[in-house]
file model_7.tsv (TSV, C-alpha atoms)
chain	number	residue	atom	x	y	z
A	764	MET	CA	0.00	0.00	0.00
A	765	LYS	CA	1.36	3.40	-0.97
A	766	PRO	CA	1.96	6.10	1.66
A	767	THR	CA	-0.43	8.93	2.55
A	768	ILE	CA	0.81	12.42	1.78
A	769	ALA	CA	-0.69	15.52	3.34
A	770	PHE	CA	-0.30	19.05	2.01
A	771	HIS	CA	-0.91	22.04	4.26
A	772	LEU	CA	-1.52	25.61	3.09
A	773	ASN	CA	-3.95	28.40	3.79
A	774	THR	CA	-6.39	27.91	0.91
A	775	LEU	CA	-6.59	26.85	-2.75
A	776	CYS	CA	-7.35	30.23	-4.32
A	777	HIS	CA	-5.66	30.98	-7.63
A	778	GLY	CA	-1.96	31.51	-6.96
A	779	GLY	CA	1.37	29.88	-7.74
A	780	ALA	CA	1.73	27.76	-4.58
A	781	GLU	CA	-1.93	26.78	-4.69
A	782	ARG	CA	-1.62	25.60	-8.26
A	783	VAL	CA	1.48	23.53	-7.48
A	784	VAL	CA	-0.25	21.88	-4.51
A	785	THR	CA	-3.35	21.12	-6.57
A	786	ASN	CA	-1.34	19.61	-9.43
A	787	LEU	CA	0.79	17.53	-7.07
A	788	ALA	CA	-2.15	16.36	-4.98
A	789	ASN	CA	-4.12	15.31	-8.05
A	790	ARG	CA	-1.17	13.47	-9.55
A	791	PHE	CA	-0.26	11.65	-6.33
A	792	ALA	CA	-3.89	10.58	-6.02
A	793	LYS	CA	-3.96	9.26	-9.58
A	794	GLU	CA	-0.78	7.30	-8.85
A	795	GLY	CA	-2.52	5.51	-6.00
A	796	TYR	CA	-1.24	7.46	-3.00
A	797	GLY	CA	-3.49	8.54	-0.20
A	798	VAL	CA	-3.69	12.34	-0.40
A	799	ILE	CA	-5.07	14.93	1.99
A	800	VAL	CA	-5.08	18.69	1.53
A	801	ALA	CA	-5.45	20.44	4.88
A	802	THR	CA	-6.41	24.10	4.55
A	803	GLU	CA	-7.22	26.98	6.86
A	804	TRP	CA	-10.22	28.23	4.91
A	805	TYR	CA	-12.26	27.89	1.71
A	806	ASP	CA	-12.20	30.59	-0.97
A	807	GLU	CA	-14.73	31.53	-3.64
A	808	ASP	CA	-12.47	30.88	-6.65
A	809	GLU	CA	-10.26	27.85	-6.09
A	810	PHE	CA	-8.37	25.23	-8.05
A	811	GLU	CA	-10.22	21.95	-8.44
A	812	LEU	CA	-9.05	18.84	-6.63
A	813	ASP	CA	-9.42	15.30	-7.93
A	814	PRO	CA	-12.32	13.52	-6.16
A	815	LYS	CA	-9.78	11.04	-4.76
A	816	VAL	CA	-8.11	13.85	-2.78
A	817	ARG	CA	-9.58	14.48	0.66
A	818	ARG	CA	-9.93	18.15	1.66
A	819	ILE	CA	-9.95	18.72	5.42
A	820	HIS	CA	-10.55	22.02	7.20
A	821	VAL	CA	-7.97	22.64	9.94
A	822	GLY	CA	-8.57	26.36	10.42
A	823	LEU	CA	-10.52	28.37	12.93
A	824	LYS	CA	-14.05	27.40	13.88
A	825	GLU	CA	-16.99	29.73	14.26
A	826	SER	CA	-16.56	29.58	18.02
A	827	ASP	CA	-13.02	30.97	17.67
A	828	GLU	CA	-13.92	34.17	15.88
A	829	LYS	CA	-14.27	36.29	19.02
A	830	LYS	CA	-10.98	35.13	20.50
A	831	GLY	CA	-7.90	37.32	20.63
A	832	ARG	CA	-4.94	37.07	18.26
A	833	VAL	CA	-2.81	34.84	20.51
A	834	ALA	CA	-5.73	32.52	21.26
A	835	LYS	CA	-6.45	32.16	17.54
A	836	PHE	CA	-2.80	31.43	16.83
A	837	LEU	CA	-2.76	28.65	19.42
A	838	ALA	CA	-6.08	27.28	18.18
A	839	ARG	CA	-4.74	26.96	14.63
A	840	GLU	CA	-1.69	25.08	15.86
A	841	ARG	CA	-3.85	22.81	18.03
A	842	TYR	CA	-6.26	21.94	15.21
A	843	LEU	CA	-3.38	21.00	12.91
A	844	HIS	CA	-1.81	18.93	15.69
A	845	GLU	CA	-5.10	17.08	16.19
A	846	PHE	CA	-5.34	16.51	12.44
A	847	LEU	CA	-1.87	14.92	12.38
A	848	LEU	CA	-2.66	12.66	15.34
A	849	LYS	CA	-5.95	11.53	13.81
A	850	GLU	CA	-4.95	11.07	10.16
A	851	LYS	CA	-1.30	10.02	10.73
A	852	PRO	CA	-0.05	10.85	7.20
A	853	ASP	CA	3.36	9.46	6.31
A	854	VAL	CA	4.57	12.99	5.57
A	855	ILE	CA	3.13	16.50	5.55
A	856	VAL	CA	4.34	19.15	3.10
A	857	ALA	CA	3.70	22.73	4.20
A	858	PHE	CA	3.54	25.54	1.66
A	859	ALA	CA	3.97	29.24	2.47
A	860	GLN	CA	5.31	31.06	5.48
A	861	ARG	CA	2.67	30.82	8.20
A	862	ALA	CA	1.62	27.32	7.16
A	863	LEU	CA	5.13	25.94	7.44
A	864	TYR	CA	5.71	27.51	10.86
A	865	ARG	CA	2.36	26.07	11.95
A	866	ALA	CA	3.27	22.59	10.71
A	867	LEU	CA	6.63	22.62	12.47
A	868	MET	CA	4.94	23.59	15.73
A	869	ALA	CA	2.05	21.14	15.35
A	870	CYS	CA	4.18	18.10	14.48
A	871	ARG	CA	5.69	17.70	17.96
A	872	GLY	CA	4.75	14.32	19.41
A	873	THR	CA	2.95	13.13	16.27
A	874	GLY	CA	5.77	11.22	14.60
A	875	VAL	CA	4.88	12.84	11.28
A	876	PRO	CA	7.85	14.21	9.26
A	877	VAL	CA	7.44	17.75	7.94
A	878	VAL	CA	8.77	18.99	4.61
A	879	VAL	CA	8.73	22.77	4.19
A	880	SER	CA	8.29	24.34	0.76
A	881	VAL	CA	9.31	27.98	0.30
A	882	ARG	CA	7.82	29.59	-2.82
A	883	ILE	CA	9.06	33.18	-2.66
A	884	ASP	CA	12.26	35.18	-2.19
A	885	PRO	CA	13.28	34.37	1.40
A	886	VAL	CA	15.38	37.51	1.75
A	887	ARG	CA	12.21	39.57	1.37
A	888	TYR	CA	9.87	37.39	3.41
A	889	TYR	CA	11.96	35.57	6.01
A	890	SER	CA	14.37	38.25	7.23
A	891	ALA	CA	12.32	39.93	9.97
A	892	LEU	CA	13.43	39.39	13.55
A	893	SER	CA	10.37	37.23	14.21
A	894	ASP	CA	11.29	35.04	11.23
A	895	LYS	CA	14.89	34.66	12.33
A	896	ILE	CA	13.69	33.54	15.75
A	897	GLN	CA	11.19	31.04	14.33
A	898	ILE	CA	13.65	29.67	11.77
A	899	ALA	CA	16.30	29.10	14.48
A	900	TRP	CA	13.67	27.58	16.79
A	901	LEU	CA	11.66	25.46	14.36
A	902	PHE	CA	13.57	24.57	11.21
A	903	ASP	CA	15.72	21.93	12.88
A	904	ARG	CA	12.48	19.97	13.27
A	905	ALA	CA	11.97	19.78	9.51
A	906	ALA	CA	12.73	16.47	7.86
A	907	GLY	CA	13.42	18.28	4.60
A	908	GLY	CA	12.64	21.21	2.36
A	909	VAL	CA	11.78	21.83	-1.28
A	910	PHE	CA	12.92	25.10	-2.81
A	911	GLN	CA	12.61	26.67	-6.23
A	912	THR	CA	16.19	27.92	-6.53
A	913	GLU	CA	19.58	27.13	-5.05
A	914	ASP	CA	19.82	30.63	-3.56
A	915	ALA	CA	16.57	30.04	-1.67
A	916	ARG	CA	17.82	26.71	-0.34
A	917	LYS	CA	21.10	28.22	0.89
A	918	PHE	CA	19.23	30.96	2.77
A	919	PHE	CA	17.99	28.41	5.32
A	920	LEU	CA	21.35	26.78	5.98
A	921	PRO	CA	22.52	25.52	8.44
A	922	HIS	CA	19.05	24.89	9.91
A	923	LEU	CA	18.05	22.44	7.18
A	924	LYS	CA	21.59	21.11	6.82
A	925	ASP	CA	21.75	19.01	3.63
A	926	THR	CA	18.17	17.76	3.64
A	927	GLY	CA	16.79	20.39	1.24
A	928	THR	CA	16.40	20.01	-2.50
A	929	VAL	CA	15.56	22.20	-5.51
A	930	ILE	CA	12.64	21.22	-7.75
A	931	LEU	CA	11.22	23.38	-10.53
A	932	ASN	CA	7.53	24.10	-10.82
A	933	PRO	CA	5.72	21.83	-13.29
A	934	ILE	CA	4.53	23.42	-16.51
A	935	THR	CA	0.82	22.84	-17.07
A	936	ASP	CA	0.37	20.32	-19.88
A	937	LYS	CA	-1.68	22.61	-22.11
A	938	TYR	CA	1.31	24.92	-22.60
A	939	ILE	CA	3.58	22.12	-23.85
A	940	GLY	CA	3.56	21.31	-27.55
A	941	VAL	CA	1.73	24.48	-28.59
A	942	PRO	CA	2.59	25.07	-32.29
A	943	GLN	CA	5.27	27.68	-32.86
A	944	VAL	CA	3.82	30.77	-34.56
A	945	PRO	CA	5.98	31.70	-37.59
A	946	PRO	CA	7.62	35.15	-37.46
A	947	GLN	CA	5.51	36.44	-40.36
A	948	GLU	CA	2.30	35.56	-38.49
A	949	LYS	CA	3.21	37.25	-35.20
A	950	GLU	CA	1.11	40.12	-33.90
A	951	LYS	CA	2.69	43.46	-33.03
A	952	GLU	CA	2.38	42.79	-29.34
A	953	VAL	CA	4.52	42.62	-26.22
A	954	VAL	CA	2.85	40.57	-23.48
A	955	ASN	CA	3.15	40.15	-19.74
A	956	VAL	CA	1.29	37.40	-17.90
A	957	ALA	CA	1.10	37.79	-14.12
A	958	ARG	CA	-1.10	39.03	-11.33
A	959	LEU	CA	-1.07	42.80	-11.18
A	960	ALA	CA	0.97	43.05	-8.00
A	961	ASP	CA	3.52	45.43	-6.54
A	962	PHE	CA	6.54	43.11	-6.61
A	963	LYS	CA	5.91	42.36	-10.29
A	964	ASN	CA	6.82	46.03	-11.00
A	965	GLN	CA	4.65	46.23	-14.12
A	966	PRO	CA	4.87	50.06	-14.20
A	967	LEU	CA	8.56	49.60	-15.08
A	968	LEU	CA	7.49	47.61	-18.13
A	969	VAL	CA	5.12	50.42	-19.12
A	970	GLU	CA	7.98	52.91	-18.90
A	971	ALA	CA	10.23	50.66	-20.99
A	972	PHE	CA	7.44	50.16	-23.52
A	973	ALA	CA	7.15	53.93	-23.94
A	974	LEU	CA	10.73	53.85	-25.23
A	975	VAL	CA	9.81	51.00	-27.59
A	976	LEU	CA	6.89	53.01	-28.97
A	977	GLU	CA	9.22	55.83	-29.98
A	978	LYS	CA	10.53	53.52	-32.70
A	979	HIS	CA	7.52	51.25	-33.17
A	980	PRO	CA	4.33	53.22	-32.49
A	981	ASP	CA	2.13	50.47	-33.96
A	982	TYR	CA	2.87	48.00	-31.14
A	983	VAL	CA	0.69	47.34	-28.09
A	984	LEU	CA	1.55	46.08	-24.61
A	985	LYS	CA	-0.90	43.56	-23.17
A	986	PHE	CA	-1.12	42.56	-19.52
A	987	TYR	CA	-2.88	39.25	-18.83
A	988	GLY	CA	-3.67	38.60	-15.20
A	989	PRO	CA	-6.09	39.36	-12.37
A	990	ASP	CA	-5.88	42.45	-10.19
A	991	SER	CA	-4.41	41.69	-6.77
A	992	GLY	CA	-6.11	44.75	-5.30
A	993	ASP	CA	-2.90	46.26	-3.94
A	994	GLY	CA	-3.09	49.35	-6.17
A	995	SER	CA	-0.87	47.98	-8.95
A	996	LYS	CA	-3.61	48.18	-11.56
A	997	GLU	CA	-4.07	51.88	-10.81
A	998	ARG	CA	-0.30	52.49	-10.90
A	999	ILE	CA	-0.06	50.84	-14.32
A	1000	GLU	CA	-2.90	52.98	-15.65
A	1001	GLU	CA	-1.46	56.15	-14.13
A	1002	THR	CA	2.00	55.44	-15.59
A	1003	ALA	CA	0.50	54.92	-19.04
A	1004	ARG	CA	-1.52	58.16	-18.77
A	1005	ARG	CA	1.48	60.12	-17.57
A	1006	LEU	CA	3.49	58.92	-20.56
A	1007	GLY	CA	0.61	59.50	-22.97
A	1008	ILE	CA	0.49	55.87	-24.12
A	1009	GLU	CA	-2.73	54.68	-22.45
A	1010	LYS	CA	-4.23	53.59	-25.79
A	1011	SER	CA	-1.26	51.26	-26.35
A	1012	VAL	CA	-1.35	49.62	-22.91
A	1013	LEU	CA	-4.15	47.09	-22.55
A	1014	LEU	CA	-5.22	45.35	-19.33
A	1015	MET	CA	-6.74	42.09	-20.51
A	1016	GLY	CA	-7.64	40.57	-17.13
A	1017	GLY	CA	-7.34	36.89	-16.37
A	1018	SER	CA	-7.68	34.30	-19.11
A	1019	ASP	CA	-8.12	30.53	-19.34
A	1020	THR	CA	-7.03	30.46	-22.99
A	1021	LEU	CA	-3.52	31.90	-22.79
A	1022	GLU	CA	-2.21	29.07	-24.95
A	1023	GLN	CA	-4.25	30.56	-27.79
A	1024	GLN	CA	-3.50	34.24	-27.16
A	1025	VAL	CA	0.06	34.54	-25.90
A	1026	PRO	CA	2.02	32.66	-28.64
A	1027	LYS	CA	0.93	35.27	-31.20
A	1028	ALA	CA	2.96	37.99	-29.46
A	1029	GLN	CA	6.40	39.01	-30.64
A	1030	VAL	CA	7.93	39.26	-27.15
A	1031	PHE	CA	7.14	38.16	-23.60
A	1032	ALA	CA	8.46	40.62	-20.99
A	1033	TYR	CA	8.83	40.11	-17.23
A	1034	SER	CA	9.78	43.00	-14.95
A	1035	SER	CA	9.58	41.59	-11.41
A	1036	ASP	CA	11.72	42.87	-8.54
A	1037	TYR	CA	11.66	39.39	-6.98
A	1038	GLU	CA	9.88	36.10	-7.54
A	1039	GLY	CA	9.80	32.52	-6.41
A	1040	MET	CA	9.83	30.60	-9.68
A	1041	PRO	CA	7.75	32.53	-12.25
A	1042	ASN	CA	5.24	30.07	-13.67
A	1043	SER	CA	4.14	32.35	-16.49
A	1044	LEU	CA	7.74	32.83	-17.66
A	1045	MET	CA	8.16	29.05	-17.81
A	1046	GLU	CA	4.89	28.73	-19.72
A	1047	ALA	CA	5.84	31.45	-22.19
A	1048	MET	CA	9.15	29.73	-22.84
A	1049	ALA	CA	7.41	26.38	-23.31
A	1050	MET	CA	5.12	28.01	-25.90
A	1051	GLY	CA	8.14	29.25	-27.86
A	1052	LEU	CA	8.13	32.95	-27.05
A	1053	ALA	CA	11.24	35.07	-27.02
A	1054	CYS	CA	11.44	36.29	-23.43
A	1055	VAL	CA	13.06	39.19	-21.61
A	1056	ALA	CA	13.13	38.92	-17.81
A	1057	THR	CA	14.73	40.66	-14.87
A	1058	ASP	CA	17.47	38.68	-13.15
A	1059	CYS	CA	15.53	38.93	-9.91
A	1060	PRO	CA	16.18	37.18	-6.60
A	1061	PRO	CA	16.27	34.46	-5.55
A	1062	GLY	CA	17.41	33.46	-9.04
A	1063	GLY	CA	14.39	31.88	-10.72
A	1064	PRO	CA	14.76	33.50	-14.17
A	1065	ARG	CA	18.52	32.82	-14.02
A	1066	MET	CA	17.78	29.09	-13.67
A	1067	LEU	CA	15.58	29.19	-16.77
A	1068	ILE	CA	17.30	31.62	-19.12
A	1069	GLU	CA	20.77	31.45	-20.62
A	1070	ASP	CA	21.23	35.08	-21.59
A	1071	GLY	CA	21.33	35.56	-25.35
A	1072	VAL	CA	20.55	31.91	-26.09
A	1073	ASN	CA	16.96	31.20	-25.06
A	1074	GLY	CA	16.05	34.67	-23.84
A	1075	TYR	CA	17.48	37.80	-22.26
A	1076	LEU	CA	18.22	38.59	-18.63
A	1077	ILE	CA	18.42	42.21	-17.50
A	1078	PRO	CA	19.13	43.92	-14.16
A	1079	CYS	CA	16.14	44.62	-11.94
A	1080	GLY	CA	14.71	48.12	-12.34
A	1081	ASP	CA	16.58	48.88	-15.59
A	1082	LYS	CA	13.96	50.20	-18.00
A	1083	GLU	CA	16.56	51.12	-20.64
A	1084	ALA	CA	17.91	47.55	-20.74
A	1085	LEU	CA	14.37	46.19	-20.83
A	1086	ALA	CA	13.46	48.44	-23.75
A	1087	ASP	CA	16.72	47.63	-25.55
A	1088	ARG	CA	16.16	43.85	-25.45
A	1089	ILE	CA	12.53	44.18	-26.50
A	1090	LEU	CA	13.64	46.30	-29.45
A	1091	ARG	CA	16.28	43.75	-30.46
A	1092	LEU	CA	13.65	41.03	-30.63
A	1093	ILE	CA	11.10	43.20	-32.43
A	1094	GLU	CA	13.62	44.31	-35.02
A	1095	ASP	CA	15.13	40.87	-35.60
A	1096	PRO	CA	12.25	38.39	-36.02
A	1097	GLU	CA	14.64	35.56	-36.92
A	1098	LEU	CA	16.54	36.09	-33.66
A	1099	ALA	CA	13.27	36.10	-31.74
A	1100	ASP	CA	12.16	32.90	-33.46
A	1101	ARG	CA	15.49	31.19	-32.76
A	1102	MET	CA	15.39	32.17	-29.09
A	1103	GLY	CA	11.81	30.98	-28.89
A	1104	GLN	CA	12.75	27.61	-30.34
A	1105	ASN	CA	15.54	27.28	-27.77
A	1106	ALA	CA	13.20	28.36	-24.98
A	1107	ARG	CA	10.76	25.54	-25.77
A	1108	ARG	CA	13.29	23.05	-24.39
A	1109	ILE	CA	12.28	24.09	-20.87
A	1110	SER	CA	9.44	21.59	-21.23
A	1111	GLU	CA	12.00	18.76	-21.32
A	1112	ILE	CA	13.01	19.38	-17.69
A	1113	ALA	CA	9.81	20.86	-16.25
A	1114	ASP	CA	6.94	18.83	-17.69
A	1115	THR	CA	4.47	17.53	-15.12
A	1116	ASP	CA	5.75	13.94	-15.24
A	1117	THR	CA	9.41	14.86	-14.68
A	1118	VAL	CA	8.61	17.23	-11.81
A	1119	PHE	CA	6.20	14.76	-10.21
A	1120	ARG	CA	8.81	12.00	-10.27
A	1121	GLN	CA	11.28	14.30	-8.53
A	1122	TRP	CA	8.74	15.07	-5.80
A	1123	GLU	CA	7.82	11.40	-5.50
A	1124	SER	CA	11.45	10.36	-5.18
A	1125	TYR	CA	12.22	13.04	-2.61
A	1126	LEU	CA	9.17	12.41	-0.40
A	1127	THR	CA	9.78	8.65	-0.56
A	1128	GLU	CA	13.33	9.28	0.62
A	1129	ILE	CA	12.07	11.47	3.49
A	1130	ILE	CA	9.55	8.83	4.59
A	1131	ARG	CA	12.18	6.06	4.48
A	1132	SER	CA	14.77	8.13	6.32
A	1133	GLY	CA	12.86	7.65	9.54
A	1134	ARG	CA	13.42	11.23	10.68
A	1135	ARG	CA	10.38	12.29	12.66
A	1136	CYS	CA	9.33	15.52	14.32
call {"tool": "encode", "arguments": {"input": "model_7.tsv", "output": "structure tokens"}}
result
Amino acid sequence: MKPTIAFHLNTLCHGGAERVVTNLANRFAKEGYGVIVATEWYDEDEFELDPKVRRIHVGLKESDEKKGRVAKFLARERYLHEFLLKEKPDVIVAFAQRALYRALMACRGTGVPVVVSVRIDPVRYYSALSDKIQIAWLFDRAAGGVFQTEDARKFFLPHLKDTGTVILNPITDKYIGVPQVPPQEKEKEVVNVARLADFKNQPLLVEAFALVLEKHPDYVLKFYGPDSGDGSKERIEETARRLGIEKSVLLMGGSDTLEQQVPKAQVFAYSSDYEGMPNSLMEAMAMGLACVATDCPPGGPRMLIEDGVNGYLIPCGDKEALADRILRLIEDPELADRMGQNARRISEIADTDTVFRQWESYLTEIIRSGRRC
């Protein structure tokens, strides 16, 4: 009988970590593993789990709502602890900051090994004094860790010692094998696919695109992605108005048919100040787009792009470099096509089967190691 794997995170709303958990949970279930997804709450718009995956609520109850902050914190830890004692999964994988701290606290006395999975730049999100205290206190309890880049893994040394590993995000199947659009059939578009969020720094891309328009006024810049509500949408619109290019900057919203829309563009541009592992960059590469991306911490784009071979890397915050590389690809369609062809090879190392097998191998190793919390 195959082991039971539990995943713990806040919810399954549309986001990078949530998508990875959903894909992994569904695949483990299809492979015959017992799978549980333990979440803090339910959201209105969530990824869909396979019917074989059990979803269990481990968050606050209605009776907890009037409690103070400390009491709620302790209640969350207690409910997760009770879940581990009752279900006794062979391993629990915790995604995102608060969830992984919670899992490392709740695992005491349960015999359940905890694997932490960090999905964002740790320098930005794990450097506060409270984080340093919790990392020093809790991370030695972890049986292992899965990170998206080597820089992220090294951040948590020596607390995880040599038990951490680096695994890329899986590329959703529908983006693999999409026909390459010939240069002569490309639209005069530059695209960005991402949530409209502050750390994505999309206003920088608008400023760079204004420089592109000086030479190519017939191009448009399209943003595909939902509004995060942090004011980024308004900043993008204000930047475009200030530069007088609002008619050339189009906010397309979210889309479930990106595999039909995005490959028609001439260039895919990514302007983030930091990332975990940018899923949409991987997807754009798999679809054969020529990509320009910031070399942002903790090194995700650098793992994907060999500068000048399958895309371009530029310094964070450098609008002139961003505009320059976009112009190179616009003005040399054969170069863009060649880079796009090279970029498609990302699917050879990050297809869902390859990434799943890496997770399966790693979690099997953790379970067999006998290290318990």
call {"tool": "closest_residue", "arguments": {"input": "model_7.tsv", "among": "A:Ala801, A:Pro942, A:Ala915, A:Lys1010", "to": "A:Asp884", "atoms": "only C-alpha atoms"}}
result
A:Ala915
call {"tool": "residues_around", "arguments": {"input": "model_7.tsv", "residues": "A:Ala960", "least_positions_apart": "3", "cutoff": "8 Å", "atoms": "all atoms listed in the file", "output": "list in words"}}
result
Lys963, Asn964, Gln965, Asp990, Ser991, Gly992, Asp993, Gly994, Ser995 and Lys996 of chain A
call {"tool": "atom_distance", "arguments": {"input": "model_7.tsv", "atom1": "atom CA of A:Thr935", "atom2": "atom CA of A:Arg1107"}}
result
13.5 Å
call {"tool": "residues_around", "arguments": {"input": "model_7.tsv", "residues": "A:Leu1067", "least_positions_apart": "5", "cutoff": "12 Å", "atoms": "all atoms listed in the file", "output": "MDAnalysis selection string"}}
result
chainID A and resid 911:912 931:932 1040:1049 1054:1059 1062 1072:1076 1105:1113
call {"tool": "atom_distance", "arguments": {"input": "model_7.tsv", "atom1": "atom CA of A:Asp1036", "atom2": "atom CA of A:Asp961"}}
result
8.8 Å
call {"tool": "closest_residue", "arguments": {"input": "model_7.tsv", "among": "A:Leu968, A:His777, A:Pro766, A:Tyr889", "to": "A:Pro989", "atoms": "all atoms listed in the file"}}
result
A:His777
call {"tool": "residues_around", "arguments": {"input": "model_7.tsv", "residues": "stretch 811-817 of chain A", "least_positions_apart": "5", "cutoff": "9 Å", "atoms": "only C-alpha atoms", "output": "list of chain:residue names"}}
result
A:Leu775, A:Thr785, A:Asn786, A:Ala788, A:Asn789, A:Arg790, A:Phe791, A:Ala792, A:Lys793, A:Gly797, A:Val798, A:Ile799, A:Val800, A:Ala801
call {"tool": "atom_distance", "arguments": {"input": "model_7.tsv", "atom1": "atom CA of A:Glu794", "atom2": "atom CA of A:Val854"}}
result
16.4 Å
call {"tool": "closest_residue", "arguments": {"input": "model_7.tsv", "among": "A:Leu1090, A:Val954, A:Ala1084, A:Leu1021", "to": "A:Tyr1033", "atoms": "all atoms listed in the file"}}
result
A:Val954
call {"tool": "build_atoms", "arguments": {"input": "model_7.tsv", "residues": "stretch 1011-1034 of chain A", "atoms": "N, CA and C atoms", "output": "PDB file, keeping the file's coordinate frame"}}
result
ATOM      1  N   SER A1011      -2.129  52.365 -25.931  1.00  0.00           N
ATOM      2  CA  SER A1011      -1.260  51.260 -26.350  1.00  0.00           C
ATOM      3  C   SER A1011      -0.993  50.262 -25.236  1.00  0.00           C
ATOM      4  N   VAL A1012      -1.539  50.517 -24.063  1.00  0.00           N
ATOM      5  CA  VAL A1012      -1.350  49.620 -22.910  1.00  0.00           C
ATOM      6  C   VAL A1012      -2.721  49.044 -22.550  1.00  0.00           C
ATOM      7  N   LEU A1013      -2.859  47.742 -22.695  1.00  0.00           N
ATOM      8  CA  LEU A1013      -4.150  47.090 -22.550  1.00  0.00           C
ATOM      9  C   LEU A1013      -4.133  46.106 -21.385  1.00  0.00           C
ATOM     10  N   LEU A1014      -5.065  46.268 -20.450  1.00  0.00           N
ATOM     11  CA  LEU A1014      -5.220  45.350 -19.330  1.00  0.00           C
ATOM     12  C   LEU A1014      -6.289  44.331 -19.707  1.00  0.00           C
ATOM     13  N   MET A1015      -5.860  43.107 -19.950  1.00  0.00           N
ATOM     14  CA  MET A1015      -6.740  42.090 -20.510  1.00  0.00           C
ATOM     15  C   MET A1015      -7.465  41.270 -19.445  1.00  0.00           C
ATOM     16  N   GLY A1016      -7.040  41.382 -18.185  1.00  0.00           N
ATOM     17  CA  GLY A1016      -7.640  40.570 -17.130  1.00  0.00           C
ATOM     18  C   GLY A1016      -7.139  39.135 -17.197  1.00  0.00           C
ATOM     19  N   GLY A1017      -7.719  38.294 -16.356  1.00  0.00           N
ATOM     20  CA  GLY A1017      -7.340  36.890 -16.370  1.00  0.00           C
ATOM     21  C   GLY A1017      -7.871  36.172 -17.596  1.00  0.00           C
ATOM     22  N   SER A1018      -7.250  35.054 -17.928  1.00  0.00           N
ATOM     23  CA  SER A1018      -7.680  34.300 -19.110  1.00  0.00           C
ATOM     24  C   SER A1018      -7.389  32.820 -18.905  1.00  0.00           C
ATOM     25  N   ASP A1019      -8.320  31.975 -19.370  1.00  0.00           N
ATOM     26  CA  ASP A1019      -8.120  30.530 -19.340  1.00  0.00           C
ATOM     27  C   ASP A1019      -7.666  29.991 -20.691  1.00  0.00           C
ATOM     28  N   THR A1020      -7.421  30.891 -21.639  1.00  0.00           N
ATOM     29  CA  THR A1020      -7.030  30.460 -22.990  1.00  0.00           C
ATOM     30  C   THR A1020      -5.717  31.111 -23.410  1.00  0.00           C
ATOM     31  N   LEU A1021      -4.792  31.250 -22.484  1.00  0.00           N
ATOM     32  CA  LEU A1021      -3.520  31.900 -22.790  1.00  0.00           C
ATOM     33  C   LEU A1021      -2.739  31.154 -23.870  1.00  0.00           C
ATOM     34  N   GLU A1022      -2.922  29.847 -23.933  1.00  0.00           N
ATOM     35  CA  GLU A1022      -2.210  29.070 -24.950  1.00  0.00           C
ATOM     36  C   GLU A1022      -2.647  29.425 -26.359  1.00  0.00           C
ATOM     37  N   GLN A1023      -3.788  30.092 -26.490  1.00  0.00           N
ATOM     38  CA  GLN A1023      -4.250  30.560 -27.790  1.00  0.00           C
ATOM     39  C   GLN A1023      -3.856  32.007 -28.059  1.00  0.00           C
ATOM     40  N   GLN A1024      -3.735  32.801 -27.003  1.00  0.00           N
ATOM     41  CA  GLN A1024      -3.500  34.240 -27.160  1.00  0.00           C
ATOM     42  C   GLN A1024      -2.026  34.622 -27.118  1.00  0.00           C
ATOM     43  N   VAL A1025      -1.305  34.092 -26.155  1.00  0.00           N
ATOM     44  CA  VAL A1025       0.060  34.540 -25.900  1.00  0.00           C
ATOM     45  C   VAL A1025       1.052  34.193 -27.013  1.00  0.00           C
ATOM     46  N   PRO A1026       1.010  32.998 -27.617  1.00  0.00           N
ATOM     47  CA  PRO A1026       2.020  32.660 -28.640  1.00  0.00           C
ATOM     48  C   PRO A1026       2.032  33.592 -29.846  1.00  0.00           C
ATOM     49  N   LYS A1027       0.973  34.363 -30.055  1.00  0.00           N
ATOM     50  CA  LYS A1027       0.930  35.270 -31.200  1.00  0.00           C
ATOM     51  C   LYS A1027       1.802  36.500 -30.992  1.00  0.00           C
ATOM     52  N   ALA A1028       2.184  36.784 -29.752  1.00  0.00           N
ATOM     53  CA  ALA A1028       2.960  37.990 -29.460  1.00  0.00           C
ATOM     54  C   ALA A1028       4.393  37.857 -29.964  1.00  0.00           C
ATOM     55  N   GLN A1029       5.015  38.996 -30.194  1.00  0.00           N
ATOM     56  CA  GLN A1029       6.400  39.010 -30.640  1.00  0.00           C
ATOM     57  C   GLN A1029       7.363  38.782 -29.476  1.00  0.00           C
ATOM     58  N   VAL A1030       7.021  39.330 -28.295  1.00  0.00           N
ATOM     59  CA  VAL A1030       7.930  39.260 -27.150  1.00  0.00           C
ATOM     60  C   VAL A1030       7.113  39.066 -25.871  1.00  0.00           C
ATOM     61  N   PHE A1031       7.669  38.277 -24.958  1.00  0.00           N
ATOM     62  CA  PHE A1031       7.140  38.160 -23.600  1.00  0.00           C
ATOM     63  C   PHE A1031       8.106  38.890 -22.680  1.00  0.00           C
ATOM     64  N   ALA A1032       7.599  39.802 -21.854  1.00  0.00           N
ATOM     65  CA  ALA A1032       8.460  40.620 -20.990  1.00  0.00           C
ATOM     66  C   ALA A1032       8.058  40.468 -19.541  1.00  0.00           C
ATOM     67  N   TYR A1033       9.057  40.318 -18.663  1.00  0.00           N
ATOM     68  CA  TYR A1033       8.830  40.110 -17.230  1.00  0.00           C
ATOM     69  C   TYR A1033       9.690  41.083 -16.458  1.00  0.00           C
ATOM     70  N   SER A1034       9.083  41.868 -15.571  1.00  0.00           N
ATOM     71  CA  SER A1034       9.780  43.000 -14.950  1.00  0.00           C
ATOM     72  C   SER A1034       9.852  42.916 -13.428  1.00  0.00           C
TER      73      SER A1034
END
